[in-house]
$ cat upload.txt   # compact mmCIF, C-alpha atoms
# COMPACT_ATOMS: atom_id res chain seq x y z
CA MET A 794 9.68 4.63 -6.06
CA LEU A 795 13.37 4.88 -5.27
CA PRO A 796 15.68 2.51 -7.21
CA LEU A 797 17.98 0.25 -5.25
CA ALA A 798 21.42 1.83 -5.00
CA ALA A 799 23.99 0.07 -7.14
CA GLN A 800 26.79 0.45 -4.62
CA GLY A 801 27.17 0.82 -0.90
CA ALA A 802 24.42 -1.58 0.21
CA PRO A 803 25.45 -3.90 3.03
CA PRO A 804 25.42 -7.64 2.38
CA ASP A 805 21.95 -9.03 2.87
CA SER A 806 20.60 -12.46 2.04
CA ALA A 807 17.20 -10.97 1.18
CA LEU A 808 18.59 -8.16 -0.98
CA THR A 809 16.64 -8.01 -4.24
CA ALA A 810 17.66 -6.41 -7.52
CA ALA A 811 14.07 -5.48 -8.31
CA PRO A 812 10.99 -5.07 -6.12
CA GLN A 813 7.94 -7.34 -6.15
CA THR A 814 9.67 -10.25 -7.92
CA GLU A 815 9.25 -13.08 -5.38
CA PRO A 816 7.56 -16.11 -7.01
CA GLN A 817 5.12 -16.51 -4.10
CA LEU A 818 3.59 -13.13 -4.84
CA ARG A 819 1.78 -14.28 -7.98
CA GLN A 820 -0.81 -16.27 -6.05
CA VAL A 821 -1.17 -13.48 -3.49
CA VAL A 822 -1.84 -10.82 -6.12
CA GLN A 823 -4.13 -13.11 -8.13
CA GLN A 824 -6.26 -13.70 -5.05
CA ALA A 825 -6.53 -9.96 -4.43
CA ILE A 826 -7.88 -9.44 -7.94
CA THR A 827 -10.39 -12.29 -7.84
CA GLN A 828 -11.69 -11.25 -4.41
CA ALA A 829 -11.89 -7.53 -5.03
CA GLN A 830 -15.22 -6.99 -3.28
CA CYS A 831 -15.16 -6.52 0.48
CA PHE A 832 -17.62 -5.53 3.13
CA THR A 833 -16.95 -3.02 5.88
CA ASP A 834 -18.67 -1.58 8.93
CA ARG A 835 -20.70 1.47 7.86
CA PHE A 836 -19.97 3.49 10.99
CA ASP A 837 -16.22 2.84 10.86
CA SER A 838 -16.06 3.62 7.15
CA ALA A 839 -17.97 6.89 7.75
CA VAL A 840 -15.43 7.87 10.41
CA TRP A 841 -12.61 6.95 8.01
CA TYR A 842 -14.00 9.23 5.28
CA THR A 843 -14.60 12.06 7.73
CA LEU A 844 -11.03 11.94 9.03
CA MET A 845 -9.16 11.33 5.79
CA GLU A 846 -11.13 13.13 3.09
CA PRO A 847 -10.05 16.65 4.17
CA LYS A 848 -6.40 15.54 4.31
CA LEU A 849 -6.57 14.11 0.80
CA ARG A 850 -8.08 17.24 -0.78
CA ARG A 851 -4.71 18.99 -1.01
CA TYR A 852 -3.43 16.15 -3.24
CA VAL A 853 -6.55 15.06 -5.14
CA PRO A 854 -8.86 17.91 -6.17
CA ASN A 855 -11.41 15.64 -7.88
CA PRO A 856 -14.00 14.54 -5.26
CA ASP A 857 -14.94 11.32 -7.08
CA GLN A 858 -11.30 10.26 -7.30
CA ARG A 859 -10.80 11.08 -3.61
CA LEU A 860 -13.70 8.87 -2.63
CA ASP A 861 -12.49 6.11 -4.95
CA ILE A 862 -9.05 6.13 -3.32
CA LEU A 863 -10.42 6.22 0.23
CA ARG A 864 -12.98 3.49 -0.50
CA SER A 865 -10.34 1.22 -2.03
CA VAL A 866 -7.81 1.80 0.76
CA TYR A 867 -10.36 1.19 3.52
CA CYS A 868 -11.70 -1.91 1.78
CA GLU A 869 -8.30 -3.47 1.12
CA THR A 870 -6.81 -2.73 4.52
CA HIS A 871 -9.75 -4.37 6.32
CA ARG A 872 -9.76 -7.50 4.19
CA GLY A 873 -9.59 -10.81 6.10
CA LYS A 874 -7.66 -11.47 9.29
CA ALA A 875 -4.34 -9.96 8.18
CA SER A 876 -5.36 -6.31 8.33
CA LEU A 877 -3.12 -3.45 7.25
CA PRO A 878 -2.96 -0.06 8.98
CA PRO A 879 -4.93 2.21 6.59
CA GLY A 880 -2.74 5.18 7.47
CA LEU A 881 0.34 3.21 6.47
CA VAL A 882 -1.15 2.50 3.04
CA MET A 883 -2.05 6.18 2.61
CA ALA A 884 1.56 7.05 3.45
CA VAL A 885 2.81 4.57 0.83
CA LEU A 886 0.51 6.17 -1.76
CA ASP A 887 1.77 9.60 -0.72
CA VAL A 888 5.48 8.76 -0.97
CA GLU A 889 5.25 6.46 -3.99
CA SER A 890 3.09 8.51 -6.35
CA ARG A 891 1.78 11.61 -4.57
CA PHE A 892 -1.65 10.09 -5.34
CA ASP A 893 -1.10 10.31 -9.10
CA PRO A 894 -2.62 7.21 -10.81
CA TRP A 895 -0.53 7.95 -13.92
CA ALA A 896 2.83 8.07 -12.12
CA VAL A 897 5.61 5.94 -13.61
CA SER A 898 8.93 5.42 -11.85
CA SER A 899 12.38 5.09 -13.40
CA ALA A 900 12.11 1.35 -12.70
CA GLY A 901 8.81 1.19 -14.64
CA ALA A 902 6.50 0.85 -11.63
CA VAL A 903 3.05 2.26 -12.35
CA GLY A 904 0.21 4.01 -10.60
CA LEU A 905 -0.79 4.97 -7.10
CA MET A 906 1.15 2.25 -5.26
CA GLN A 907 3.82 1.90 -7.96
CA VAL A 908 3.07 -1.70 -8.88
CA MET A 909 5.56 -3.31 -11.24
CA PRO A 910 4.21 -3.59 -14.83
CA PHE A 911 4.80 -7.33 -15.19
CA TRP A 912 1.85 -8.11 -12.90
CA PRO A 913 -0.97 -7.51 -15.42
CA GLU A 914 0.75 -9.69 -18.01
CA GLN A 915 1.20 -12.53 -15.50
CA LEU A 916 -2.43 -12.31 -14.38
CA GLY A 917 -4.08 -12.08 -17.79
CA MET A 918 -4.85 -8.39 -17.43
CA ARG A 919 -4.08 -5.35 -19.54
CA ARG A 920 -1.25 -3.08 -18.46
CA TYR A 921 -3.47 0.00 -18.52
CA GLN A 922 -5.41 -1.47 -15.59
CA LEU A 923 -2.52 -0.49 -13.32
CA THR A 924 -3.66 3.12 -13.74
CA ARG A 925 -7.09 2.23 -12.32
CA VAL A 926 -7.46 3.13 -8.66
CA ALA A 927 -9.07 -0.07 -7.37
CA ALA A 928 -6.91 -2.53 -9.33
CA ASN A 929 -3.67 -0.79 -8.38
CA ILE A 930 -4.56 -0.63 -4.68
CA HIS A 931 -5.73 -4.28 -4.71
CA MET A 932 -2.34 -5.37 -6.00
CA GLY A 933 -0.26 -2.97 -3.92
CA CYS A 934 -1.98 -3.90 -0.65
CA ALA A 935 -1.67 -7.62 -1.42
CA ILE A 936 2.06 -7.22 -2.02
CA LEU A 937 2.60 -5.07 1.08
CA ARG A 938 0.59 -7.49 3.23
CA PHE A 939 2.73 -10.39 1.97
CA TYR A 940 5.95 -8.59 2.91
CA LEU A 941 4.61 -7.65 6.35
CA GLN A 942 3.66 -11.24 7.08
CA ASP A 943 6.95 -12.55 5.70
CA GLU A 944 8.89 -10.06 7.84
CA ARG A 945 6.82 -10.80 10.97
CA ARG A 946 5.27 -7.32 11.00
CA ASP A 947 8.63 -5.54 10.80
CA ILE A 948 7.28 -2.52 8.95
CA ARG A 949 10.59 -0.94 8.05
CA ARG A 950 11.90 -4.17 6.54
CA ALA A 951 8.62 -4.82 4.69
CA LEU A 952 8.66 -1.33 3.19
CA GLN A 953 12.23 -1.77 2.02
CA ARG A 954 11.29 -4.99 0.24
CA TYR A 955 8.20 -3.39 -1.28
CA ASN A 956 10.33 -0.59 -2.68
CA GLY A 957 13.32 -2.74 -3.64
CA SER A 958 15.63 -0.86 -1.27
CA VAL A 959 16.63 -3.45 1.34
CA GLY A 960 19.55 -2.15 3.38
CA HIS A 961 18.66 1.51 2.77
CA ARG A 962 16.58 3.45 5.31
CA ASP A 963 15.53 6.54 3.33
CA TYR A 964 12.36 5.23 1.69
CA ALA A 965 11.02 3.41 4.76
CA ASP A 966 11.82 6.41 6.97
CA ARG A 967 9.90 8.78 4.67
CA VAL A 968 6.85 6.50 4.62
CA ILE A 969 6.86 6.07 8.41
CA VAL A 970 7.20 9.82 8.98
CA ARG A 971 4.25 10.55 6.69
CA TRP A 972 2.21 7.82 8.36
CA THR A 973 2.87 8.91 11.93
CA THR A 974 2.64 12.66 11.37
CA TYR A 975 -0.06 13.11 8.71
CA TRP A 976 -1.97 9.95 7.80
CA ASN A 977 -2.45 8.59 11.32
CA GLY A 978 -5.66 8.75 13.33
CA ALA A 979 -7.87 5.96 12.00
CA ASP A 980 -5.70 2.86 11.96
CA ASP A 981 -7.68 0.89 14.55
CA LEU A 982 -11.11 1.26 12.95
CA GLY A 983 -12.88 -2.07 12.65
CA ILE A 984 -10.14 -3.89 14.58
CA PRO A 985 -10.71 -5.26 18.10
CA ARG A 986 -8.55 -3.48 20.67
CA ARG A 987 -6.12 -6.38 21.21
CA ALA A 988 -5.78 -7.01 17.48
CA ALA A 989 -5.16 -3.31 16.87
CA ALA A 990 -2.30 -3.34 19.33
CA ALA A 991 -0.75 -6.32 17.53
CA THR A 992 -1.21 -4.90 14.03
CA VAL A 993 1.97 -2.83 14.22
CA THR A 994 5.03 -4.15 15.94
CA ARG A 995 8.43 -2.89 14.86
CA PHE A 996 9.63 0.14 12.92
$ encode --input "upload.txt" --output "structure tokens"
Amino acid sequence: MLPLAAQGAPPDSALTAAPQTEPQLRQVVQQAITQAQCFTDRFDSAVWYTLMEPKLRRYVPNPDQRLDILRSVYCETHRGKASLPPGLVMAVLDVESRFDPWAVSSAGAVGLMQVMPFWPEQLGMRRYQLTRVAANIHMGCAILRFYLQDERRDIRRALQRYNGSVGHRDYADRVIVRWTTYWNGADDLGIPRRAAAATVTRF
């Protein structure tokens, strides 16, 4: 996770000194933890594994960990009406941690999706749970979904807020490039055609 530059950022009313600190996020993340189980279409999930598992092998040699990551990403991105593009989440994992559940940023963010360490304490959890695949992806997807909704599906802006880099393009650009060139291909699984077209709006 890239820290917000101390100087040179243009004035912005939504500029944040640290990522993931909005008060509204506590309820969002809490709900993701309490509703961790989800149900998916077996055919679509099989297609998802078939497409993404070979791509993930170069980063995650352990087959059980690969399946755990893919299962969690597919589950979380197809939760409820506000779906997330699964390829986008894979790109966030790629850029944030290189799929290392033990990754820690200079800002203290932890795990696959680089979730800030204050979340477990606020939710009555243990900090080590951020290194667990499912818990980290639950929280990270809940936070990313909140930013996408708050930014009216403006993906670039949502990514900047997730990373704490509003006003700086580098992080969002890297995620979008990885998404559109490597982790694409299965983003409309389980989503009706019209809804799939509306899932992504602006870069």
$ closest_residue --input "upload.txt" --among "A:Pro847, A:Ile969, A:Phe911, A:Ala951" --to "Met932 in chain A" --atoms "all atoms listed in the file"
A:Phe911
$ atom_distance --input "upload.txt" --atom1 "CA of Arg891 in chain A" --atom2 "CA of Leu905 in chain A"
7.6 Å
$ residues_around --input "upload.txt" --residues "range 867-881 of chain A" --least-positions-apart "5" --cutoff "6 Å" --atoms "all atoms listed in the file" --output "VMD selection string"
chain A and resid 831 972 976 to 977 980
$ closest_residue --input "upload.txt" --among "A:Val926, A:Val968, A:Cys934, A:Val959" --to "Asp857 in chain A" --atoms "all atoms listed in the file"
A:Val926
$ atom_distance --input "upload.txt" --atom1 "CA of Arg835 in chain A" --atom2 "CA of Val970 in chain A"
29.1 Å
$ atom_distance --input "upload.txt" --atom1 "CA of Val882 in chain A" --atom2 "CA of Gly933 in chain A"
8.9 Å
